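*Asks:* I have a structure I would like to understand better, so I am pasting it below and will then ask my questions one at a time.
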There are 10 protein chains.
Amino acid sequence: MLTIGCIHPELIAALSLCGHGDQILIADGNYPLASKSGQAQKVYLGLSDGIPTVPQVLQALQSVIKVEKAEVMTPEGAEVPAIFSEFYQLLPNVQFCKLDRQGFYDACSEPCVRLAISTGEKRIFANLLLTVGVC
Amino acid sequence: MLTIGCIHPELIAALSLCGHGDQILIADGNYPLASKSGQAQKVYLGLSDGIPTVPQVLQALQSVIKVEKAEVMTPEGAEVPAIFSEFYQLLPNVQFCKLDRQGFYDACSEPCVRLAISTGEKRIFANLLLTVGVC
Amino acid sequence: MLTIGCIHPELIAALSLCGHGDQILIADGNYPLASKSGQAQKVYLGLSDGIPTVPQVLQALQSVIKVEKAEVMTPEGAEVPAIFSEFYQLLPNVQFCKLDRQGFYDACSEPCVRLAISTGEKRIFANLLLTVGVC
Amino acid sequence: MLTIGCIHPELIAALSLCGHGDQILIADGNYPLASKSGQAQKVYLGLSDGIPTVPQVLQALQSVIKVEKAEVMTPEGAEVPAIFSEFYQLLPNVQFCKLDRQGFYDACSEPCVRLAISTGEKRIFANLLLTVGVC
Amino acid sequence: MLTIGCIHPELIAALSLCGHGDQILIADGNYPLASKSGQAQKVYLGLSDGIPTVPQVLQALQSVIKVEKAEVMTPEGAEVPAIFSEFYQLLPNVQFCKLDRQGFYDACSEPCVRLAISTGEKRIFANLLLTVGVC
Amino acid sequence: MLTIGCIHPELIAALSLCGHGDQILIADGNYPLASKSGQAQKVYLGLSDGIPTVPQVLQALQSVIKVEKAEVMTPEGAEVPAIFSEFYQLLPNVQFCKLDRQGFYDACSEPCVRLAISTGEKRIFANLLLTVGVC
Amino acid sequence: MLTIGCIHPELIAALSLCGHGDQILIADGNYPLASKSGQAQKVYLGLSDGIPTVPQVLQALQSVIKVEKAEVMTPEGAEVPAIFSEFYQLLPNVQFCKLDRQGFYDACSEPCVRLAISTGEKRIFANLLLTVGVC
Amino acid sequence: MLTIGCIHPELIAALSLCGHGDQILIADGNYPLASKSGQAQKVYLGLSDGIPTVPQVLQALQSVIKVEKAEVMTPEGAEVPAIFSEFYQLLPNVQFCKLDRQGFYDACSEPCVRLAISTGEKRIFANLLLTVGVC
Amino acid sequence: MLTIGCIHPELIAALSLCGHGDQILIADGNYPLASKSGQAQKVYLGLSDGIPTVPQVLQALQSVIKVEKAEVMTPEGAEVPAIFSEFYQLLPNVQFCKLDRQGFYDACSEPCVRLAISTGEKRIFANLLLTVGVC
Amino acid sequence: MLTIGCIHPELIAALSLCGHGDQILIADGNYPLASKSGQAQKVYLGLSDGIPTVPQVLQALQSVIKVEKAEVMTPEGAEVPAIFSEFYQLLPNVQFCKLDRQGFYDACSEPCVRLAISTGEKRIFANLLLTVGVC
């Protein structure tokens with residue numbers, strides 16, 4: 001068992017292949033990962049309702065890579081999804097970019113998205129597109 | 001997203017291939033899954049410390065299959081691992097069988113073990129070998 | 001054997017990979033599945049005449065996913081295919097969309113069609129393109 | 001669509017590879033096909049409860065191959081499983097051989113078993129091991 | 001051995017995947033099958049000079065599928081290739097369509113051509129593009 | 001198209017891998033090739049009844065390799081299968097060895113059998129195990 | 001070992017897949033085969049300096065196929081590469097077509113180029129693009 | 001163990017497939033190799049910080065191939081990256097071409113880039129795109 | 001690029017699959033890895049003479065796993081290989097076990113050896129068989 | 001093109017995987033490589049009669065590896081095959097070991113034989129089993 005903060009074999013392997021500017025999607029359980037993440041390697045972590053959550057996956061990733069940017073999918077109205085405050089807290093010095101539904105789908109289908117992770121997250125708009133930084 | 005209690009693609013696919021008498025291993029994070037689960041299909045769910053736990057995986061499995069027997073790995077001394085009480089509670093009418101370390105490894109390497117699941121479980125002796133019942 | 005309403009290994013595995021907005025085709029025995037379902041995963045269930053029927057497959061799917069929309073192929077004339085009343089009964093609160101032959105072929109070849117199922121159904125115009133809902 | 005009595009792609013392909021003396025298993029839904037059919041090609045036809053049944057599969061097979069022998073799994077007591085009369089009716093001039101549980105498992109794991117078919121059959125002891133004849 | 005009129009494993013498997021409107025090419029021995037049959041599955045039956053012929057393959061196919069249309073490659077001049085009369089005799093109620101060399105190559109490279117069969121046929125212009133009908 | 005006497009891609013490829021002492025099986029249509037030819041590469045040439053015959057395949061092989069020995073399967077009684085005279089005529093200076101059913105199956109399952117060819121031959125006892133000579 | 005003039009397994013297999021109009025490239029050791037031969041199957045024969053030469057490969061090919069046309073890459077100046085006289089001698093009644101460097105690269109990247117062979121040839125401009133004839 | 005200056009199996013295999021004009025990328029540890037090297041074969045040599053460096057890989061390559069041109073990625077400002085002097089020293093008679101970030105990414109994604117090597121190099125702008133010469 | 005002490009994709013992936021008691025071989029450049037490391041996954045890191053060394057690989061491994069035991073290959077005489085002192089220094093509280101040549105080969109061929117790493121190490125007897133501990 | 005004495009991609013790749021004590025077979029054209037070289041990687045270099053010869057392959061190998069031992073197959077009688085003198089000349093300080101036909105086959109089927117090369121060599125008893133030395 002690895003002594004580091006991310007122990008998942010496929011995840012750590014895919015992360016080791018990412019370089020500066022590559023992107024990683026962490027998606028909630030209802031996100032259509034197979035059709036809306038381009039050629040990214042797909043990793044399915046969702047076991048059952050809420051296991052694991054998107055923030056849990058984010059923390060595992062942060063233990064082994066640097067994040068320099070984050071993109072989120074926002075609802076049509078003015079309401080800010082509840083989970084966003086958790087995102088801001090976990091990524092304090094990171095630039096956030098808001099995209100509408102289709103814009104987020106398009107961004108997630110770009111060739112630089114290398115890894116797409118599905119979770120058991122049931123909260124809505126709980127999707128995060130991360131950009132890997134330099135280390 | 002599936003509307004049932006187990007949503008993991010590889011897990012649900014492997015479970016659908018199990019019949020009466022086939023066996024499934026749920027192992028803690030330190031268990032040597034690759035070398036001590038015979039020809040079973042290996043599924044790695046462990047993300048980070050304690051995510052997910054063995055009981056969480058057990059509950060997901062119980063939502064889609066029947067369990068008719070359970071085997072556990074026991075330490076050399078008289079002490080009963082703390083996690084066993086959780087096992088008994090989740091599998092109330094199921095027969096339990098205790099095996100020592102090597103006996104458990106041998107049982108997990110039999111051809112009828114079809115699925116072996118690794119978790120992020122950090123508690124010791126948190127391994128469970130289940131036998132599928134008739135439905 | 002799974003204790004749920006859909007026990008087919010390939011089917012349950014493919015369904016577990018579908019998210020909100022993904023589509024699933026259930027086709028009759030004469031439908032050219034290989035050439036008219038784009039990149040969808042193809043599952044052949046047809047054994048012999050009428051085994052299984054399209055409604056039987058629909059019921060198996062409904063036991064594990066939510067359907068939010070349905071599309072059907074309609075004949076050129078005014079006549080409504082007999083099987084449509086069965087479709088309406090099994091999908092009471094679902095929006096139906098009618099497409100002509102070529103329009104249906106085109107819809108079934110879109111990238112969001114993830115799963116295409118062939119049956120032994122012998123009734124004519126017995127094809128159904130389902131859209132997965134949120135759960 | 002084929003104009004013959006068996007239209008399933010994997011099934012017809014596997015049957016075309018069988019010769020005189022090769023064997024084919026048709027198993028009920030609870031049969032542990034993956035671990036108890038040796039190196040046979042496995043085809044999963046079971047969709048949901050009772051779809052399809054073992055006799056339905058047998059009839060599809062009989063439309064394209066000759067059967068010269070049949071083996072069944074029998075319960076420990078004297079009782080004859082209800083489904084056996086259906087088997088006798090469908091295979092009128094075929095020699096039947098009765099095996100106990102373990103004997104049947106052993107027979108199904110021999111190298112000459114080339115094809116093993118899982119069904120949605122829920123009736124008990126509904127397993128049939130067929131031997132292909134000359135044509 | 002199958003009791004039907006077509007016993008070739010790859011052929012019967014590919015035919016079982018064809019639906020209404022799909023196409024099948026039977027080509028003579030000099031036809032450039034690899035480069036002029038698009039994404040069709042290629043099956044090479046040619047053993048030596050004249051074994052088998054195109055009409056022999058046609059008859060095997062007709063025993064398991066319905067043909068609703070046929071296309072042939074015609075020479076530049078007015079002469080009708082000798083083999084055409086055999087084609088007309090074997091497909092009495094089928095619509096024939098004549099294409100020049102390049103037109104035939106183009107038709108054979110369309111996505112709906114699912115199966116392309118090479119033979120040992122030595123007669124010239126002995127190529128046949130069949131369209132599968134409904135049954 | 002090759003200008004030599006054997007034009008079948010898989011056949012010529014497999015023959016090019018054979019050396020002195022390797023063996024090749026040409027079997028009739030009812031021979032259980034998949035289970036009774038060991039690790040040999042299997043090539044299925046049988047299209048329909050009698051197409052092609054075993055002697056036709058033998059002649060194609062003789063155009064590209066040397067045969068130094070032949071083994072045949074003989075019936076239990078004293079009767080000599082009709083096809084044997086054809087074998088003797090085609091292989092005039094080759095040593096023949098007669099084996100009973102099981103002995104022939106055993107010989108065909110040895111590791112030095114590199115290629116096993118199924119035909120459409122309907123005559124009985126029409127099986128030939130050839131040994132490649134030096135050239 | 002084959003008794004014909006070309007004994008290389010991959011070569012003979014690839015040649016058996018070629019039909020009328022398909023093309024074959026025989027390239028010298030410095031030719032960028034991987035990037036400048038389109039989707040052709042690549043076969044690397046070069047062992048060391050001058051083993052084998054391009055004419056040696058040409059002679060092996062001529063023993064099993066008919067050549068109806070040849071294309072060569074020519075230098076920018078007026079000088080005729082020394083190896084061309086060998087080409088003309090080996091292909092006496094074949095039409096030759098001269099292409100400049102880029103034109104030759106383009107011709108070799110067409111879909112009808114099915115086989116591309118690398119040699120140990122050290123002479124310059126020793127590349128030959130052959131077109132297969134009818135036999 | 002090879003007696004030559006480059007012993008890495010994947011590296012030597014990929015280099016043996018390169019011809020005149022093909023290109024090879026040696027990249028630093030932060031370079032996004034997976035998304036910015038087109039269809040090139042990717043070889044990951046980076047073990048840990050600074051092991052190996054880009055110049056170490058360059059020297060291994062120079063022991064088995066000839067380099068005729070080199071391209072480097074340059075920062076936006078006037079500053080010349082420190083590692084460039086090492087590059088010039090190791091490639092004394094080679095033409096150098098400077099590209100900006102995006103230009104370098106584009107060049108590395110061309111089809112003639114056959115091999116892309118990732119290192120443990122931590123120095124910035126330590127990327128080298130080599131063109132193979134004639135030998 | 002990973003922010004941890006081991007950045008090699010195959011290495012980190014293989015290490016993430018190791019559990020308590022699994023073993024890892026780090027071998028010098030002359031070690032016959034392919035034939036003397038059983039079913040272990042083989043990773044070739046050796047680039048050229050001395051790049052990387054065995055101690056460099058050991059340090060990368062120690063940054064992500066715990067080592068509980070080490071085995072070394074010892075020469076026949078009394079002499080202790082120079083590299084051993086480096087091993088002892090890097091693994092201060094680890095139990096060492098000395099094996100002769102054949103004993104070491106045998107130990108490295110056991111099923112619990114999951115990963116075998118080849119290096120560019122030129123010093124003699126520079127092989128290390130590590131056992132993974134609990135974390 | 002590599003600047004070293006062995007340019008064949010598969011050959012150089014396989015050689016780079018060999019370590020001290022591993023073995024390599026160079027066989028004449030009639031040697032049954034597929035059945036008599038165990039699990040060795042097979043490389044077919046034989047193009048036509050005598051191209052290339054066994055000594056040509058030996059010289060290519062000697063340019064990149066060290067040979068410490070050689071085994072040859074000897075005829076039953078006292079006669080020494082003519083090619084042996086060439087072997088002795090090319091391997092002046094190497095220990096030779098003579099084996100009879102079956103003994104040579106057995107030696108070539110051992111797990112330490114990693115690479116088996118077929119040639120176009122027509123001279124008899126032209127087979128050489130080499131053992132890789134330390135470098």
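Every chain in the structure tokens has a letter given in the order shown (A, B, ...), and although residue numbers restart at 1 in each chain, ligands are simply numbered from 1 in the order shown.
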As a PyMOL selection string, please: the residues near stretch 49-63 of chain D (cut-off 10 Å, only C-alpha atoms, same-chain neighbours under 2 positions excluded).
*Replies:* (chain C and resi 3-7+45-49+51-53+56-57+60) or (chain D and resi 4-8+11-12+15+24-29+45-47+65-67+83+86-87+90-91+117-123+126-128+130) or (chain E and resi 2-4)
*Asks:* Report as JSON, numbers by chain the set of chain E residues whose atoms approach chain C to within 10 Å, with distances computed over only C-alpha atoms.
*Replies:* {"E": [16, 17, 18, 19, 20, 21, 22, 23, 111, 112, 113, 114, 132, 133, 134, 135]}
*Asks:* Can those selected residues be exported to a file as an mmCIF file, in the first residue's frame so that it contains C-alpha atoms?
*Replies:*
data_model
loop_
_atom_site.group_PDB
_atom_site.id
_atom_site.type_symbol
_atom_site.label_atom_id
_atom_site.label_comp_id
_atom_site.auth_asym_id
_atom_site.auth_seq_id
_atom_site.Cartn_x
_atom_site.Cartn_y
_atom_site.Cartn_z
ATOM 1 C CA SER E 16 -26.063 -12.859 -37.947
ATOM 2 C CA LEU E 17 -24.962 -9.241 -37.364
ATOM 3 C CA CYS E 18 -26.571 -7.972 -40.583
ATOM 4 C CA GLY E 19 -29.950 -6.226 -40.625
ATOM 5 C CA HIS E 20 -32.311 -4.746 -43.172
ATOM 6 C CA GLY E 21 -30.360 -2.680 -45.710
ATOM 7 C CA ASP E 22 -26.895 -3.897 -44.774
ATOM 8 C CA GLN E 23 -24.736 -5.073 -47.676
ATOM 9 C CA PRO E 111 -20.334 1.983 -44.205
ATOM 10 C CA CYS E 112 -23.401 -0.243 -44.747
ATOM 11 C CA VAL E 113 -21.195 -2.904 -46.386
ATOM 12 C CA ARG E 114 -20.698 -5.180 -43.364
ATOM 13 C CA VAL E 132 -30.092 -7.881 -47.029
ATOM 14 C CA GLY E 133 -33.901 -7.897 -46.932
ATOM 15 C CA VAL E 134 -36.448 -8.186 -44.098
ATOM 16 C CA CYS E 135 -37.531 -11.573 -42.802
#
*Asks:* Taking the backbone alone, and naming residues the way the document does, which bits of stretch 17-75 of chain F are helix (DSSP H, G or I) by DSSP, as a ChimeraX atom specification?
*Replies:* /F:54-62
*Asks:* Can I get the selected residues back with N, CA, C and O atoms, as a compact mmCIF listing (two decimals), in the first residue's frame?
*Replies:*
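Final output, selection_19.txt:
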# COMPACT_ATOMS: atom_id res chain seq x y z
N VAL F 54 -11.58 -32.64 -48.60
CA VAL F 54 -10.24 -32.85 -48.03
C VAL F 54 -9.19 -32.99 -49.13
O VAL F 54 -8.11 -32.38 -49.03
N PRO F 55 -9.43 -33.75 -50.20
CA PRO F 55 -8.42 -33.84 -51.27
C PRO F 55 -8.11 -32.48 -51.92
O PRO F 55 -6.97 -32.23 -52.30
N GLN F 56 -9.10 -31.63 -52.03
CA GLN F 56 -8.84 -30.30 -52.60
C GLN F 56 -7.86 -29.51 -51.72
O GLN F 56 -6.97 -28.82 -52.21
N VAL F 57 -8.04 -29.60 -50.42
CA VAL F 57 -7.13 -28.90 -49.51
C VAL F 57 -5.74 -29.54 -49.58
O VAL F 57 -4.73 -28.84 -49.60
N LEU F 58 -5.70 -30.85 -49.62
CA LEU F 58 -4.41 -31.55 -49.71
C LEU F 58 -3.62 -31.07 -50.93
O LEU F 58 -2.42 -30.79 -50.84
N GLN F 59 -4.28 -30.98 -52.08
CA GLN F 59 -3.58 -30.54 -53.29
C GLN F 59 -3.06 -29.11 -53.17
O GLN F 59 -1.96 -28.80 -53.63
N ALA F 60 -3.84 -28.24 -52.53
CA ALA F 60 -3.38 -26.86 -52.33
C ALA F 60 -2.12 -26.87 -51.45
O ALA F 60 -1.14 -26.16 -51.73
N LEU F 61 -2.12 -27.68 -50.42
CA LEU F 61 -0.95 -27.76 -49.52
C LEU F 61 0.28 -28.31 -50.25
O LEU F 61 1.40 -27.81 -50.08
N GLN F 62 0.06 -29.34 -51.04
CA GLN F 62 1.19 -29.97 -51.74
C GLN F 62 1.88 -29.03 -52.72
O GLN F 62 3.02 -29.26 -53.09
*Asks:* Which parts of stretch 10-118 of chain G does DSSP call strand (DSSP E or B) when run on the backbone here, written out as a list in words?
*Replies:* Gln23, Ile24, Leu25, Ile26, Ala27, Gln41, Lys42, Val43, Tyr44, Ser48, Ile51, Val67, Glu68, Lys69, Ala70, Glu71, Val72, Met73, Gln95, Phe96, Cys97, Lys98, Leu99, Val113, Arg114, Leu115, Ala116, Ile117 and Ser118 of chain G
